[in-house]
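Okay, data_9.cif is below, mmCIF, C-alpha atoms and all ligand atoms:
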data_structure
loop_
_atom_site.group_PDB
_atom_site.id
_atom_site.type_symbol
_atom_site.label_atom_id
_atom_site.label_comp_id
_atom_site.auth_asym_id
_atom_site.auth_seq_id
_atom_site.Cartn_x
_atom_site.Cartn_y
_atom_site.Cartn_z
ATOM 1 C CA MET H 10 12.266 1.800 22.813
ATOM 2 C CA ALA H 11 13.338 -1.761 21.971
ATOM 3 C CA TYR H 12 16.224 -2.292 19.575
ATOM 4 C CA ASN H 13 17.131 -5.394 17.574
ATOM 5 C CA GLU H 14 20.368 -4.567 15.791
ATOM 6 C CA ILE H 15 21.973 -2.214 18.264
ATOM 7 C CA ALA H 16 22.420 -2.581 22.014
ATOM 8 C CA TYR H 17 21.507 0.452 24.114
ATOM 9 C CA SER H 18 22.325 0.976 27.750
ATOM 10 C CA VAL H 19 22.701 3.856 30.169
ATOM 11 C CA THR H 20 25.127 3.648 33.078
ATOM 12 C CA GLY H 21 25.055 6.742 35.259
ATOM 13 C CA ALA H 22 25.620 9.693 32.921
ATOM 14 C CA ILE H 23 26.968 7.560 30.051
ATOM 15 C CA ALA H 24 24.813 6.151 27.258
ATOM 16 C CA ARG H 25 26.296 3.361 25.213
ATOM 17 C CA ILE H 26 25.128 2.454 21.699
ATOM 18 C CA ASP H 27 26.695 -0.679 20.231
ATOM 19 C CA HIS H 28 26.440 -2.043 16.715
ATOM 20 C CA ASN H 29 24.994 -5.434 17.629
ATOM 21 C CA ARG H 30 25.248 -7.837 14.715
ATOM 22 C CA PRO H 31 28.498 -9.570 15.676
ATOM 23 C CA GLU H 32 27.659 -12.578 13.462
ATOM 24 C CA ASN H 33 27.852 -10.169 10.507
ATOM 25 C CA ARG H 34 30.885 -8.213 11.751
ATOM 26 C CA ASN H 35 28.382 -5.532 12.766
ATOM 27 C CA ALA H 36 27.525 -4.681 9.158
ATOM 28 C CA GLU H 37 25.271 -1.635 9.020
ATOM 29 C CA SER H 38 21.880 -2.692 7.638
ATOM 30 C CA SER H 39 19.173 -0.108 7.118
ATOM 31 C CA THR H 40 17.548 -1.299 10.377
ATOM 32 C CA LEU H 41 20.800 -0.968 12.299
ATOM 33 C CA LEU H 42 21.333 2.576 11.020
ATOM 34 C CA ASP H 43 17.727 3.559 11.778
ATOM 35 C CA GLU H 44 18.124 2.188 15.300
ATOM 36 C CA LEU H 45 21.470 3.891 15.786
ATOM 37 C CA ALA H 46 19.893 7.215 14.835
ATOM 38 C CA ALA H 47 16.921 6.563 17.140
ATOM 39 C CA ALA H 48 19.222 5.639 20.034
ATOM 40 C CA LEU H 49 21.317 8.743 19.465
ATOM 41 C CA ASP H 50 18.136 10.787 19.637
ATOM 42 C CA GLU H 51 17.022 8.953 22.794
ATOM 43 C CA ALA H 52 20.377 9.602 24.473
ATOM 44 C CA SER H 53 20.359 13.240 23.346
ATOM 45 C CA ARG H 54 16.936 13.790 24.910
ATOM 46 C CA ASP H 55 17.674 11.892 28.151
ATOM 47 C CA GLU H 56 18.570 14.557 30.690
ATOM 48 C CA ALA H 57 20.529 12.061 32.785
ATOM 49 C CA VAL H 58 22.916 11.374 29.892
ATOM 50 C CA ARG H 59 25.963 13.603 29.471
ATOM 51 C CA VAL H 60 28.251 11.557 27.206
ATOM 52 C CA ILE H 61 27.431 9.056 24.445
ATOM 53 C CA VAL H 62 29.685 6.130 23.507
ATOM 54 C CA ILE H 63 29.310 4.370 20.159
ATOM 55 C CA GLY H 64 30.912 0.937 19.902
ATOM 56 C CA GLY H 65 30.379 -2.590 18.676
ATOM 57 C CA THR H 66 29.529 -5.948 20.224
ATOM 58 C CA GLY H 67 32.180 -8.598 19.586
ATOM 59 C CA PRO H 68 35.614 -8.309 17.979
ATOM 60 C CA HIS H 69 34.750 -5.591 15.415
ATOM 61 C CA PHE H 70 33.376 -2.061 15.505
ATOM 62 C CA SER H 71 31.749 -2.430 12.074
ATOM 63 C CA ALA H 72 32.746 -3.834 8.702
ATOM 64 C CA GLY H 73 30.653 -1.105 7.040
ATOM 65 C CA HIS H 74 27.378 -0.913 5.193
ATOM 66 C CA ASP H 75 25.612 -4.240 4.705
ATOM 67 C CA LEU H 76 26.493 -4.875 1.060
ATOM 68 C CA LYS H 77 24.558 -8.156 0.917
ATOM 69 C CA GLU H 78 21.398 -6.304 1.878
ATOM 70 C CA GLY H 79 22.346 -3.607 -0.629
ATOM 71 C CA GLN H 80 22.713 -6.157 -3.443
ATOM 72 C CA LEU H 81 19.377 -7.738 -2.598
ATOM 73 C CA LYS H 82 17.327 -4.609 -2.041
ATOM 74 C CA ARG H 83 19.029 -1.668 -3.706
ATOM 75 C CA ALA H 84 21.186 -2.882 -6.619
ATOM 76 C CA HIS H 85 18.725 -1.534 -9.171
ATOM 77 C CA PHE H 86 17.701 1.617 -7.421
ATOM 78 C CA THR H 87 17.166 4.599 -9.665
ATOM 79 C CA VAL H 88 19.372 7.639 -9.149
ATOM 80 C CA GLU H 89 16.517 9.233 -7.236
ATOM 81 C CA GLN H 90 15.956 6.216 -4.972
ATOM 82 C CA ARG H 91 19.646 5.788 -4.178
ATOM 83 C CA TYR H 92 20.083 9.493 -3.525
ATOM 84 C CA ALA H 93 17.168 9.497 -1.072
ATOM 85 C CA TYR H 94 18.333 6.315 0.685
ATOM 86 C CA GLU H 95 21.922 7.464 1.104
ATOM 87 C CA GLU H 96 21.031 11.072 1.863
ATOM 88 C CA LEU H 97 19.010 9.990 4.916
ATOM 89 C CA ARG H 98 20.896 6.971 6.230
ATOM 90 C CA TYR H 99 24.476 7.882 5.391
ATOM 91 C CA LEU H 100 24.746 11.674 5.093
ATOM 92 C CA ASP H 101 22.006 12.884 7.442
ATOM 93 C CA TYR H 102 22.518 10.213 10.112
ATOM 94 C CA SER H 103 26.288 10.902 10.072
ATOM 95 C CA LEU H 104 25.697 14.619 10.481
ATOM 96 C CA ARG H 105 23.379 13.862 13.412
ATOM 97 C CA ILE H 106 26.362 12.273 15.168
ATOM 98 C CA TRP H 107 28.516 15.309 14.337
ATOM 99 C CA ASP H 108 25.779 17.711 15.463
ATOM 100 C CA CYS H 109 24.809 15.744 18.580
ATOM 101 C CA PRO H 110 24.556 18.288 21.408
ATOM 102 C CA LYS H 111 26.396 15.921 23.753
ATOM 103 C CA PRO H 112 29.985 14.726 23.421
ATOM 104 C CA THR H 113 30.386 11.411 21.607
ATOM 105 C CA ILE H 114 33.184 8.862 21.869
ATOM 106 C CA ALA H 115 33.775 6.046 19.384
ATOM 107 C CA SER H 116 35.150 2.961 21.117
ATOM 108 C CA VAL H 117 36.807 0.950 18.361
ATOM 109 C CA ARG H 118 38.170 -2.571 18.313
ATOM 110 C CA GLY H 119 38.868 -4.620 15.194
ATOM 111 C CA ALA H 120 37.488 -3.398 11.903
ATOM 112 C CA ALA H 121 36.147 0.100 11.297
ATOM 113 C CA ILE H 122 35.726 -0.158 7.553
ATOM 114 C CA ALA H 123 33.976 2.206 5.120
ATOM 115 C CA GLY H 124 30.565 2.940 6.707
ATOM 116 C CA GLY H 125 32.063 1.946 10.082
ATOM 117 C CA PHE H 126 34.985 4.312 9.490
ATOM 118 C CA MET H 127 32.452 7.038 8.757
ATOM 119 C CA VAL H 128 30.434 6.532 11.961
ATOM 120 C CA ALA H 129 33.554 6.348 14.156
ATOM 121 C CA ASN H 130 35.038 9.487 12.650
ATOM 122 C CA MET H 131 31.876 11.555 13.029
ATOM 123 C CA CYS H 132 32.249 11.091 16.792
ATOM 124 C CA ASP H 133 34.096 13.762 18.766
ATOM 125 C CA LEU H 134 36.746 11.423 20.169
ATOM 126 C CA ILE H 135 38.053 7.968 19.343
ATOM 127 C CA VAL H 136 39.455 5.457 21.816
ATOM 128 C CA ALA H 137 40.924 2.464 19.996
ATOM 129 C CA SER H 138 42.076 -0.944 21.109
ATOM 130 C CA ASP H 139 45.399 -2.180 19.791
ATOM 131 C CA THR H 140 43.371 -4.510 17.520
ATOM 132 C CA ALA H 141 41.650 -1.605 15.753
ATOM 133 C CA PHE H 142 42.140 -0.862 12.096
ATOM 134 C CA PHE H 143 40.518 1.602 9.744
ATOM 135 C CA ALA H 144 39.981 1.316 6.006
ATOM 136 C CA ASP H 145 37.929 2.821 3.206
ATOM 137 C CA PRO H 146 38.608 0.531 0.236
ATOM 138 C CA VAL H 147 35.479 1.309 -1.801
ATOM 139 C CA CYS H 148 37.292 3.306 -4.493
ATOM 140 C CA ARG H 149 39.200 0.168 -5.392
ATOM 141 C CA THR H 150 36.683 -2.538 -4.534
ATOM 142 C CA LEU H 151 33.402 -0.951 -5.664
ATOM 143 C CA GLY H 152 34.494 1.766 -8.066
ATOM 144 C CA ALA H 153 32.827 4.330 -5.783
ATOM 145 C CA ALA H 154 34.245 7.721 -4.829
ATOM 146 C CA ALA H 155 35.113 6.889 -1.198
ATOM 147 C CA VAL H 156 32.241 6.522 1.269
ATOM 148 C CA GLU H 157 29.362 8.978 1.292
ATOM 149 C CA VAL H 158 30.756 11.282 3.976
ATOM 150 C CA LEU H 159 34.265 12.479 3.119
ATOM 151 C CA VAL H 160 35.399 13.219 6.643
ATOM 152 C CA HIS H 161 38.831 11.786 5.839
ATOM 153 C CA PRO H 162 40.928 14.910 5.049
ATOM 154 C CA TRP H 163 39.514 16.635 8.128
ATOM 155 C CA VAL H 164 40.574 13.890 10.521
ATOM 156 C CA MET H 165 43.772 12.586 8.891
ATOM 157 C CA GLY H 166 45.139 15.446 6.801
ATOM 158 C CA LEU H 167 45.013 15.763 3.031
ATOM 159 C CA ARG H 168 48.113 13.830 2.045
ATOM 160 C CA THR H 169 47.374 10.869 4.323
ATOM 161 C CA ALA H 170 43.753 10.849 3.122
ATOM 162 C CA LYS H 171 44.972 10.512 -0.476
ATOM 163 C CA ASP H 172 47.342 7.674 0.445
ATOM 164 C CA PHE H 173 44.573 5.963 2.463
ATOM 165 C CA LEU H 174 41.921 6.255 -0.251
ATOM 166 C CA PHE H 175 44.040 5.692 -3.360
ATOM 167 C CA THR H 176 45.512 2.475 -1.909
ATOM 168 C CA GLY H 177 42.473 1.316 0.107
ATOM 169 C CA ARG H 178 44.936 0.105 2.736
ATOM 170 C CA ARG H 179 44.365 -0.583 6.396
ATOM 171 C CA MET H 180 45.449 1.988 8.936
ATOM 172 C CA TYR H 181 46.187 0.366 12.279
ATOM 173 C CA ALA H 182 45.568 1.966 15.664
ATOM 174 C CA GLU H 183 49.165 3.005 16.242
ATOM 175 C CA GLU H 184 49.375 5.031 13.018
ATOM 176 C CA ALA H 185 45.874 6.439 13.549
ATOM 177 C CA HIS H 186 47.029 7.663 16.959
ATOM 178 C CA ARG H 187 50.297 9.085 15.623
ATOM 179 C CA ILE H 188 48.530 11.195 12.986
ATOM 180 C CA GLY H 189 45.951 12.429 15.508
ATOM 181 C CA MET H 190 42.886 10.622 14.164
ATOM 182 C CA VAL H 191 42.588 8.537 17.336
ATOM 183 C CA ASN H 192 42.871 10.038 20.822
ATOM 184 C CA ARG H 193 43.989 6.990 22.790
ATOM 185 C CA VAL H 194 45.152 3.454 22.093
ATOM 186 C CA VAL H 195 44.841 0.846 24.828
ATOM 187 C CA ALA H 196 45.226 -2.923 25.151
ATOM 188 C CA ASP H 197 42.135 -4.683 23.820
ATOM 189 C CA ALA H 198 41.170 -5.990 27.271
ATOM 190 C CA GLU H 199 41.226 -2.400 28.589
ATOM 191 C CA LEU H 200 39.104 -0.817 25.866
ATOM 192 C CA ASP H 201 35.749 -0.732 27.623
ATOM 193 C CA ALA H 202 37.227 0.509 30.919
ATOM 194 C CA ALA H 203 39.382 3.146 29.214
ATOM 195 C CA THR H 204 36.409 4.395 27.183
ATOM 196 C CA MET H 205 34.232 4.593 30.310
ATOM 197 C CA ALA H 206 36.968 6.401 32.255
ATOM 198 C CA LEU H 207 37.270 9.051 29.536
ATOM 199 C CA ALA H 208 33.476 9.331 29.269
ATOM 200 C CA GLU H 209 33.150 9.791 33.031
ATOM 201 C CA GLU H 210 35.881 12.407 33.089
ATOM 202 C CA ILE H 211 34.024 14.415 30.426
ATOM 203 C CA ALA H 212 30.669 13.798 32.127
ATOM 204 C CA ALA H 213 32.046 15.423 35.300
ATOM 205 C CA ALA H 214 32.581 18.738 33.480
ATOM 206 C CA PRO H 215 29.820 21.384 33.362
ATOM 207 C CA PRO H 216 27.566 20.082 30.548
ATOM 208 C CA PHE H 217 26.525 23.433 29.101
ATOM 209 C CA ALA H 218 30.158 24.559 28.855
ATOM 210 C CA ILE H 219 31.016 21.283 27.118
ATOM 211 C CA LYS H 220 28.080 21.759 24.752
ATOM 212 C CA MET H 221 29.152 25.308 23.872
ATOM 213 C CA THR H 222 32.782 24.221 23.452
ATOM 214 C CA LYS H 223 31.717 21.480 21.034
ATOM 215 C CA ARG H 224 29.597 23.975 19.097
ATOM 216 C CA SER H 225 32.528 26.332 18.720
ATOM 217 C CA LEU H 226 34.997 23.613 17.781
ATOM 218 C CA ASN H 227 32.622 22.224 15.163
ATOM 219 C CA ARG H 228 31.885 25.700 13.865
ATOM 220 C CA SER H 229 35.597 26.327 13.417
ATOM 221 C CA PHE H 230 35.504 23.416 10.942
ATOM 222 C CA ASP H 231 32.287 24.682 9.371
ATOM 223 C CA ILE H 232 33.878 28.102 8.825
ATOM 224 C CA GLN H 233 36.638 26.307 6.908
ATOM 225 C CA GLY H 234 34.014 24.664 4.714
ATOM 226 C CA PHE H 235 33.584 21.294 6.436
ATOM 227 C CA ARG H 236 29.842 20.964 5.899
ATOM 228 C CA ASN H 237 29.850 22.307 2.354
ATOM 229 C CA ALA H 238 32.715 19.973 1.467
ATOM 230 C CA LEU H 239 30.735 16.991 2.805
ATOM 231 C CA MET H 240 27.648 18.076 0.827
ATOM 232 C CA ALA H 241 29.684 18.483 -2.365
ATOM 233 C CA HIS H 242 31.314 15.079 -1.963
ATOM 234 C CA PHE H 243 27.965 13.415 -1.361
ATOM 235 C CA ASP H 244 26.810 14.541 -4.811
ATOM 236 C CA THR H 245 30.087 13.439 -6.416
ATOM 237 C CA HIS H 246 29.737 10.079 -4.676
ATOM 238 C CA GLN H 247 26.252 9.708 -6.187
ATOM 239 C CA LEU H 248 27.720 10.330 -9.645
ATOM 240 C CA SER H 249 30.208 7.511 -9.035
ATOM 241 C CA HIS H 250 27.291 5.144 -8.321
ATOM 242 C CA VAL H 251 26.187 5.344 -11.962
ATOM 243 C CA SER H 252 29.609 5.078 -13.611
ATOM 244 C CA GLN H 253 30.448 2.145 -15.888
ATOM 245 C CA GLU H 254 33.142 1.162 -13.371
ATOM 246 C CA PHE H 255 30.626 0.912 -10.547
ATOM 247 C CA LEU H 256 27.952 -0.843 -12.623
ATOM 248 C CA ALA H 257 30.467 -3.478 -13.757
ATOM 249 C CA VAL H 258 31.330 -4.253 -10.123
ATOM 250 C CA ARG H 259 27.662 -4.307 -9.158
ATOM 251 C CA ASP H 260 26.819 -6.775 -11.924
ATOM 252 C CA ARG H 261 29.740 -9.053 -11.047
ATOM 253 C CA GLY H 262 28.700 -8.895 -7.390
ATOM 254 C CA LEU H 263 25.074 -9.609 -8.163
ATOM 255 C CA ALA H 264 25.999 -12.645 -10.246
ATOM 256 C CA SER H 265 28.199 -14.085 -7.521
ATOM 257 C CA ALA H 266 25.602 -13.255 -4.851
ATOM 258 C CA ILE H 267 22.947 -15.141 -6.838
ATOM 259 C CA LYS H 268 25.365 -18.042 -7.335
ATOM 260 C CA ALA H 269 26.210 -18.143 -3.641
ATOM 261 C CA GLY H 270 22.507 -18.092 -2.788
ATOM 262 C CA ARG H 271 21.827 -21.308 -4.778
HETATM 263 ZN ZN ZN V 1 26.943 5.212 -1.775
#
Structure translated into structure tokens:
Amino acid sequence: MAYNEIAYSVTGAIARIDHNRPENRNAESSTLLDELAAALDEASRDEAVRVIVIGGTGPHFSAGHDLKEGQLKRAHFTVEQRYAYEELRYLDYSLRIWDCPKPTIASVRGAAIAGGFMVANMCDLIVASDTAFFADPVCRTLGAAAVEVLVHPWVMGLRTAKDFLFTGRRMYAEEAHRIGMVNRVVADAELDAATMALAEEIAAAPPFAIKMTKRSLNRSFDIQGFRNALMAHFDTHQLSHVSQEFLAVRDRGLASAIKAGR
């Protein structure tokens, strides 16, 4: 299948899916997310593929959901419309990465913000360049209850997740590695090679054993309530989309977007 907003390639046993809107810091439009999900499905079904890498073309992994598109197309969605849109593209697509039967590696350079943070952290492993930084500022900037998929406490620990979300600050690669959210940090020039080397090492292992190991590791999180916690947060996040705080930000944003468009 042909893709416009992601780049898809298969090299040996490794499939690579890159956010491919570098002129927009790889912002995740609805098309990009649909294509990412389709590519993940294609790689999952391709018997030659054993490991899937998700990355970004250019200096950034992804600056997050395409808010300009959101302002233009979805600012006045009803509760029902927004719930359906976000349930498919944000919650369900993220869980497809988590549930992918093959191991996934996020290869992160530059920004992995909000929606980008979410996609990277639903992958099994993260290799980061020393330019990488992570942030989820939407509580402060949009008046929303974090992003749609609250993977944060599971990958960074509860107390760090609170610090990260309450302040909206950036977490750079070194700290992300120290707290265990990122597996490896390498020089930016080495990122692609280091990601491929790790992918090839995993691809050399017996694939069914890897698949069963991933199932068990993910189930150990599910037994602790991972999936139910994500489902509960998704509903809470939807509530935050209709708060006075959120609507005030939306209306300010819409006004400035209209002004900028003149
Ligand atoms: Zn949302």
As a PyMOL selection string, please: the residues near Pro31 (chain H) (cut-off 9 Å, all atoms listed in the file, same-chain neighbours under 3 positions excluded).
chain H and resi 28+34-36+65-71
Taking only C-alpha atoms and all ligand atoms into account, report as a list in words which residues have an atom no farther than 8 Å from an atom of ligand ZN 1 (chain V).
Arg91, Glu95, Ala153, Val156, Glu157, His246, Gln247 and His250 of chain H
I need the output of the PyMOL selection byres (((chain H and resi 60) around 9) and not hetatm) for this file as a PyMOL selection string; which residues are they?
chain H and resi 22-25+52-53+58-59+61-62+111-114+208-209+211-212
Export of prior selection with C-alpha atoms as a JSON list (two decimals), in the frame of the given file:
[["chain", "number", "residue", "atom", "x", "y", "z"],
["H", 22, "ALA", "CA", 25.62, 9.69, 32.92],
["H", 23, "ILE", "CA", 26.97, 7.56, 30.05],
["H", 24, "ALA", "CA", 24.81, 6.15, 27.26],
["H", 25, "ARG", "CA", 26.30, 3.36, 25.21],
["H", 52, "ALA", "CA", 20.38, 9.60, 24.47],
["H", 53, "SER", "CA", 20.36, 13.24, 23.35],
["H", 58, "VAL", "CA", 22.92, 11.37, 29.89],
["H", 59, "ARG", "CA", 25.96, 13.60, 29.47],
["H", 61, "ILE", "CA", 27.43, 9.06, 24.44],
["H", 62, "VAL", "CA", 29.68, 6.13, 23.51],
["H", 111, "LYS", "CA", 26.40, 15.92, 23.75],
["H", 112, "PRO", "CA", 29.98, 14.73, 23.42],
["H", 113, "THR", "CA", 30.39, 11.41, 21.61],
["H", 114, "ILE", "CA", 33.18, 8.86, 21.87],
["H", 208, "ALA", "CA", 33.48, 9.33, 29.27],
["H", 209, "GLU", "CA", 33.15, 9.79, 33.03],
["H", 211, "ILE", "CA", 34.02, 14.42, 30.43],
["H", 212, "ALA", "CA", 30.67, 13.80, 32.13]]
Hits of the PyMOL selection byres (((chain H and resi 188) around 12) and not hetatm) in this structure, as a PyMOL selection string:
chain H and resi 162-170+180-187+189-193
Show me as an MDAnalysis selection string the residues that reach within 12 Å of (26.0, 21.5, 22.8), counting all atoms listed in the file and using the file's own coordinates.
chainID H and resid 53 59:60 106:113 133 215:228
Only C-alpha atoms, please: the residues just picked out, written as an mmCIF file, in the frame of the given file.
data_model
loop_
_atom_site.group_PDB
_atom_site.id
_atom_site.type_symbol
_atom_site.label_atom_id
_atom_site.label_comp_id
_atom_site.auth_asym_id
_atom_site.auth_seq_id
_atom_site.Cartn_x
_atom_site.Cartn_y
_atom_site.Cartn_z
ATOM 1 C CA SER H 53 20.359 13.240 23.346
ATOM 2 C CA ARG H 59 25.963 13.603 29.471
ATOM 3 C CA VAL H 60 28.251 11.557 27.206
ATOM 4 C CA ILE H 106 26.362 12.273 15.168
ATOM 5 C CA TRP H 107 28.516 15.309 14.337
ATOM 6 C CA ASP H 108 25.779 17.711 15.463
ATOM 7 C CA CYS H 109 24.809 15.744 18.580
ATOM 8 C CA PRO H 110 24.556 18.288 21.408
ATOM 9 C CA LYS H 111 26.396 15.921 23.753
ATOM 10 C CA PRO H 112 29.985 14.726 23.421
ATOM 11 C CA THR H 113 30.386 11.411 21.607
ATOM 12 C CA ASP H 133 34.096 13.762 18.766
ATOM 13 C CA PRO H 215 29.820 21.384 33.362
ATOM 14 C CA PRO H 216 27.566 20.082 30.548
ATOM 15 C CA PHE H 217 26.525 23.433 29.101
ATOM 16 C CA ALA H 218 30.158 24.559 28.855
ATOM 17 C CA ILE H 219 31.016 21.283 27.118
ATOM 18 C CA LYS H 220 28.080 21.759 24.752
ATOM 19 C CA MET H 221 29.152 25.308 23.872
ATOM 20 C CA THR H 222 32.782 24.221 23.452
ATOM 21 C CA LYS H 223 31.717 21.480 21.034
ATOM 22 C CA ARG H 224 29.597 23.975 19.097
ATOM 23 C CA SER H 225 32.528 26.332 18.720
ATOM 24 C CA LEU H 226 34.997 23.613 17.781
ATOM 25 C CA ASN H 227 32.622 22.224 15.163
ATOM 26 C CA ARG H 228 31.885 25.700 13.865
#
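CA of Asn33 (chain H) sits 21.7 Å away from CA of Val258 (chain H).
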d(CA of Ala16 (chain H), CA of Lys77 (chain H)) in Å:
21.9 Å
